[in-house]
Amino acid sequence: MSDLAPFLIALPILGSVVALLIGLARSETGWPVAVVAMIGQTGLAAWLAYQVFTGGPIEYVVGGFEVPYGIELVIDGLSASMIVLIATVALGVLAYAHAAGPRSNPFYGTYLLLVAGLTGVCITGDVFNMYVFLEITGLAAYALVASGRSGRSAVAALKYLIVGTVGASLFLLGVGYAYIATGTLNMADLAAKLAAVGYTSTLVQTAFAFVVIGLFIKVAVFPLHTWQPEAYAGAPDSVSAFIAALVSTVGAYALARMILSVFTVDFLAANPLARDLLVAGAMVSIVAGSALAVAQTEIKRMLAYSSVSQFGLVLAALSVTNRTALIGAAVHLVGHAIMKGGLFLTAGLVATGTGARTVDGYEGLSDRMPIAAGAFAVLALAMVGVPPMVGFAGKWYIALGAIEAQIWPLAVVILASTLLTLAYFARLIERMYFREAASVGDGPTAEAETGSPTGDAVLADGGRVTAGMYLAVLAAAVLAATLGVAVVEYGRLLEPTLELLLA
Amino acid sequence: MVDPIVPPFAFVLLAAVLLPFVGRRVGHALGLLATAAVVPYVWFVPEGAHLATQLFGFDAVLFNVDAFSRLMGLIFGFIGAVAVLYSWASEADAPQTAFALGYVGTSLGAVFGGDWLSLIFFWELMAVTSTALVWYHGGRAIRSGFRYAIFHGIGGTLLLGAVVWHYAEVGSFLFTASPDGLTGAVAPLLAAVGIGVNVGFVGLHTWLPDTYPAPHFAASVYLCVFTTKTGVYGMYRAFPNGEIAIAYMGGLMAVFGASMALLQDDMRRLLSYHIQSQVGYMVAGVGLGGALATAGAFGHVFNHILYKSLLFMTVGVVIYRTGKEDLNDLGGLARKMPITAVTFFVAAFSIAGFPGFNGFVSKGMVIVAAHEEHLDVLWYLLLAGGVGTFLSFIKLGYYVFLHGEYDGAVRDANPGQSVAMVATAALCIVYGLYPPALYALLPGSFAYHPFTPDHLAEGFLLAAAGIVGFVVLKTPLKKTGLAPDLDRLYNPGVFYGSRGIVVAVTEVYAAVDEAVVDLTRKTVRAVKDPNGVAASVTGADSVDLRAGFGTSILLVMVALALALVLLL
């Protein structure tokens, strides 16, 4: 059944084209097309993931060109997790977007294109191909951010475009150096040939530096995160949720894949400074991201900085590279996608319902929107890492891994990150539950008066809170609260994959 | 033989609990019975470790009977009963006697403990109950009680430290686990100082003359018996083979206590210094080690308890009948209070070590032991202490009972007090005239003959020296005012020292608090208005911390350059 692998990419692209074409005939028909495509995609991804976890990795060579010259698709445990995650989250956000919009067909076309790009990054076994998919992802994401009909969205998208393109270009340069050194682009082949060239060779080291810095931009590691808060905050709510949940996640996946499958653990062992670079990036990101999140007054910007901090944790796991930490990384990638996606959706829901987009606007929210406030609180606590929720599990494994590897400063920062996360979520929970709202419906007016840049941003998205929006938010909250239970089993399923990666 | 069913402290403590509720008369009768019952009970229980149990999860023995603890139990039980009778006759309240019985019971618990854990447990309880007994009197006793509690808190903590250290070395609290006493590098030192507080080492003794004159005169009868003597017992358990430095400390205590006593005018304060002096003989005996010295020390514990409680009882009767505590206000009471006077002189001759009275026998044993060891300095110290004792008791007896005439009507002791005093005085004489009765109770085997010409001559010489000395010193002594003791020095020291510490801690706390509040305020400002803070730091008019397009790309390039520099 491994022949189904290419359809993971083909199906969303097909859906995207169909949505565009039908849109020529009838407007506002994109949503059903996208839903059908995504249901198919989810089924396909689930089926393939089942195959991978029961039968081992799937390899597929596109067009019959043999490896190492042809393009290969590889699905192992890590990529299987990612494709299921991408399909599920995309479907969930669709449920939210039905009422929240945007409603245009080109939006859904781009949306499906982004799914194709994200999935492609995850299942490709070829580094140049990965660049292509990263660019597809990037371009689709720029377009989606720009789909908000405000000046702020456009500026945010432009900044995202420029910085993101630089990142992708650096990645491409890195791939080029690796190609010069080895003459191959296939990941498995590269791994073998890079080892043959020698990990201390200047070419290989340069390639690593370019690839890692390029992907740091995609992951939004401090201080290369500058595109991210504006992009998340400026985009429509559905888009914020979608890209916050998946784009950086897939960037982190790409980084993990490049470090573990292409450069391998031996490269890190041969270049201690390379590991130090990752450790430093992780520590700075965790601390600075949290500190900046505390300083924000706008909810979505705060959540965006929170992502900087959380991806610092994933990066920490990648720098530790032992089994425990990598299980933690996989768990946290999945968990963070659900939690952060859920939080952005809830933020959108609250904005739709009350107009509140600032920290102060959340005062007394538990009276005005009890369910939304409850979901937000659950997701926030999961993010802080309250056991047994999923945020705890990921963080726990990563911290344990750091301790096992005896990288003490990192372990301390990871454990402190819980406190830092609490710092920015506690004040929201306090405002939602322990304060009275200043006055009824003060949210939008207060913002209008203060001339907040969000004022014109997203009220255009739609003014009605629907069951679909609640469904998506609650699903995220329930998953965040309960997935922690499944983590041990998931870790067991991931074992064979990690064994291959760490070999 | 009697089977051990309950530890001896159990029924004494039970009586203590019941006493306040059953009325004064019944309660005192109950207390008398409970303490008196201890005497035959510990006499008939066979030797050995009984009632082994677990205390706080460690092996413990609650009823350890050997020659030492049996001697302590016998005399504690007897004197407890006498003191309860005396308390009843002296109009002591039921609650006071209840506290006193609690104190007696915990002391019994301490001496019958077969391990360091139960010893220290009851040791601390003893400090608590005796403090309560002092406090109960109110007034001046409250302040004294506080100082007493502080001293014993520190002493008990040091002993606890010694016991913990000992446990770390040996792995068991039981006495049987280490026949040589406390082991470990620091444990003996800690124990010596900790127990030294209880026995009144010179320098650690000021609580003693400070506290014992303070409470009700019947309470003083209890106080003068249990704490210091349990201390001697504990000292023996810690150093069963002796320790010469402790022996010398005992000699110093004998001389220092007697000299200070000589300078006192308050009767109970004078007697209190004599406790220190007499305990000095016991500590010297324990410190010397060996069969004769150890037996002498415990014989002296036994005898001392008899005559010292008798002294406090007679002096108590004087206070009871006259209401006066100062020697200079009294005089010529011998004619008016014949029973009190006679029993007082029996006790005085005993404590001074006059031949024919019990103090002569046991004090002689310690002095001879020192002589046999050829420790001449110690020997002279102990003899000098004897002269001082004669001197001060001639002074006390002379001014209270003989000198001048007492104006006004004074009755003698009432029947209850008289029974208590006469019974005790009789024992002083019995044990003085027939020493084998004492030897039968003492631990170890030794040979000692008190009534040799040498010893007799020594006793009479000391007495003569005392009389001559008193005649010579009578006038100058009269002119000495209140003699200051070390506590004049360290009471203010402790007061200002602790006040300094409190002030310093408060100031440091305030400084830290201020710094934290300041930091928090700055943090809040930085979080609320990062641009403004950055502007004020850099000096620019306004700063926008959000990175623009150019800055973003610059950051990327800097990061890349850094990575390349690092890696290549």
# chains A, B, ... in the order shown; residues from 1 in each chain; ligands from 1
>>> residues_around(residues="Lys159 (chain A)", least_positions_apart="2", cutoff="12 Å", atoms="only C-alpha atoms", output="count of residues only")
32
>>> closest_atom_pairs(of="chain A", to="chain B", cutoff="8 Å", atoms="only C-alpha atoms", output="JSON lines")
{"residue": "A:Lys159", "atom": "CA", "partner": "B:Phe549", "partner_atom": "CA", "distance": 6.1}
{"residue": "A:Ile162", "atom": "CA", "partner": "B:Phe549", "partner_atom": "CA", "distance": 7.8}
{"residue": "A:Val163", "atom": "CA", "partner": "B:Ile553", "partner_atom": "CA", "distance": 6.4}
{"residue": "A:Val166", "atom": "CA", "partner": "B:Ile553", "partner_atom": "CA", "distance": 7.8}
{"residue": "A:Thr202", "atom": "CA", "partner": "B:Leu568", "partner_atom": "CA", "distance": 6.4}
{"residue": "A:Gln205", "atom": "CA", "partner": "B:Leu567", "partner_atom": "CA", "distance": 6.3}
{"residue": "A:Thr206", "atom": "CA", "partner": "B:Leu564", "partner_atom": "CA", "distance": 6.5}
{"residue": "A:Ala209", "atom": "CA", "partner": "B:Ala563", "partner_atom": "CA", "distance": 5.8}
{"residue": "A:Phe210", "atom": "CA", "partner": "B:Leu560", "partner_atom": "CA", "distance": 6.9}
{"residue": "A:Ile213", "atom": "CA", "partner": "B:Leu560", "partner_atom": "CA", "distance": 6.0}
{"residue": "A:Ile217", "atom": "CA", "partner": "B:Val556", "partner_atom": "CA", "distance": 7.7}
{"residue": "A:Pro223", "atom": "CA", "partner": "B:Leu555", "partner_atom": "CA", "distance": 6.9}
{"residue": "A:Leu224", "atom": "CA", "partner": "B:Val556", "partner_atom": "CA", "distance": 5.9}
{"residue": "A:Thr226", "atom": "CA", "partner": "B:Ser552", "partner_atom": "CA", "distance": 6.0}
{"residue": "A:Trp227", "atom": "CA", "partner": "B:Ser552", "partner_atom": "CA", "distance": 7.6}
{"residue": "A:Asn271", "atom": "CA", "partner": "B:Leu567", "partner_atom": "CA", "distance": 7.5}
{"residue": "A:Leu273", "atom": "CA", "partner": "B:Leu567", "partner_atom": "CA", "distance": 6.2}
{"residue": "A:Ala274", "atom": "CA", "partner": "B:Leu567", "partner_atom": "CA", "distance": 6.4}
{"residue": "A:Leu277", "atom": "CA", "partner": "B:Ala563", "partner_atom": "CA", "distance": 7.1}
{"residue": "A:Val294", "atom": "CA", "partner": "B:Val527", "partner_atom": "CA", "distance": 6.9}
{"residue": "A:Ala295", "atom": "CA", "partner": "B:Val527", "partner_atom": "CA", "distance": 4.5}
{"residue": "A:Gln296", "atom": "CA", "partner": "B:Val527", "partner_atom": "CA", "distance": 7.9}
>>> write_last_selection(atoms="C-alpha atoms", output="PDB file, in the first residue's frame")
ATOM      1  CA  LYS A 159       7.816  41.213   6.358  1.00  0.00           C
ATOM      2  CA  ILE A 162      11.147  38.958   3.010  1.00  0.00           C
ATOM      3  CA  VAL A 163      12.493  37.331   6.120  1.00  0.00           C
ATOM      4  CA  VAL A 166      15.943  34.887   3.176  1.00  0.00           C
ATOM      5  CA  THR A 202      34.728  23.072   6.112  1.00  0.00           C
ATOM      6  CA  GLN A 205      30.299  22.646   8.525  1.00  0.00           C
ATOM      7  CA  THR A 206      29.290  25.562   6.317  1.00  0.00           C
ATOM      8  CA  ALA A 209      25.493  26.522   9.539  1.00  0.00           C
ATOM      9  CA  PHE A 210      23.438  27.704   6.540  1.00  0.00           C
ATOM     10  CA  ILE A 213      20.237  29.324  10.473  1.00  0.00           C
ATOM     11  CA  ILE A 217      14.116  31.550  10.791  1.00  0.00           C
ATOM     12  CA  PRO A 223      16.367  36.590  17.674  1.00  0.00           C
ATOM     13  CA  LEU A 224      15.320  35.418  14.179  1.00  0.00           C
ATOM     14  CA  THR A 226      10.932  39.022  14.145  1.00  0.00           C
ATOM     15  CA  TRP A 227       8.555  38.086  11.334  1.00  0.00           C
ATOM     16  CA  ASN A 271      31.460  19.377  16.316  1.00  0.00           C
ATOM     17  CA  LEU A 273      30.288  23.832  18.947  1.00  0.00           C
ATOM     18  CA  ALA A 274      27.400  22.873  16.664  1.00  0.00           C
ATOM     19  CA  LEU A 277      24.885  26.598  18.938  1.00  0.00           C
ATOM     20  CA  VAL A 294       4.897  38.787  29.403  1.00  0.00           C
ATOM     21  CA  ALA A 295       5.465  42.238  27.958  1.00  0.00           C
ATOM     22  CA  GLN A 296       2.629  41.980  25.428  1.00  0.00           C
TER      23      GLN A 296
END
>>> atom_distance(atom1="CA of Glu47 (chain B)", atom2="CA of Glu124 (chain B)")
26.0 Å
>>> closest_residue(among="B:Val512, B:Ala92, B:Ala16, B:Leu441", to="Gly73 (chain B)", atoms="only C-alpha atoms")
B:Leu441
>>> residues_around(residues="region 332-338 of chain A", least_positions_apart="2", cutoff="6 Å", atoms="only C-alpha atoms", output="PyMOL selection string")
chain A and resi 245+328-330+340-342+390+394+476
>>> residues_around(residues="Gly323 (chain B)", least_positions_apart="6", cutoff="12 Å", atoms="only C-alpha atoms", output="short mmCIF file (atom, residue, chain, number, x, y, z; two decimals) with N, CA and C atoms, in the first residue's frame")
data_model
loop_
_atom_site.label_atom_id
_atom_site.label_comp_id
_atom_site.auth_asym_id
_atom_site.auth_seq_id
_atom_site.Cartn_x
_atom_site.Cartn_y
_atom_site.Cartn_z
N HIS B 216 8.18 29.13 95.50
CA HIS B 216 7.67 28.74 96.82
C HIS B 216 8.71 27.88 97.55
N PHE B 217 8.81 28.03 98.89
CA PHE B 217 9.88 27.31 99.59
C PHE B 217 9.72 25.80 99.52
N VAL B 315 15.07 25.51 106.35
CA VAL B 315 15.07 26.92 105.97
C VAL B 315 13.68 27.33 105.52
N GLY B 316 13.00 26.41 104.83
CA GLY B 316 11.63 26.68 104.41
C GLY B 316 10.72 26.94 105.59
N VAL B 317 10.91 26.15 106.66
CA VAL B 317 10.09 26.35 107.86
C VAL B 317 10.36 27.74 108.45
N ASP B 329 18.10 39.53 109.10
CA ASP B 329 16.84 39.85 109.76
C ASP B 329 16.48 38.81 110.81
N LEU B 330 17.28 37.77 110.89
CA LEU B 330 16.92 36.64 111.76
C LEU B 330 17.93 36.52 112.90
N VAL B 410 7.23 33.09 117.58
CA VAL B 410 7.43 32.22 116.42
C VAL B 410 7.11 30.80 116.86
#
>>> residues_around(residues="region 230-238 of chain B", least_positions_apart="4", cutoff="6 Å", atoms="only C-alpha atoms", output="VMD selection string")
chain B and resid 181 to 182 195 198 to 199 226 286
>>> atom_distance(atom1="CA of Ala192 (chain B)", atom2="CA of Tyr248 (chain B)")
13.0 Å
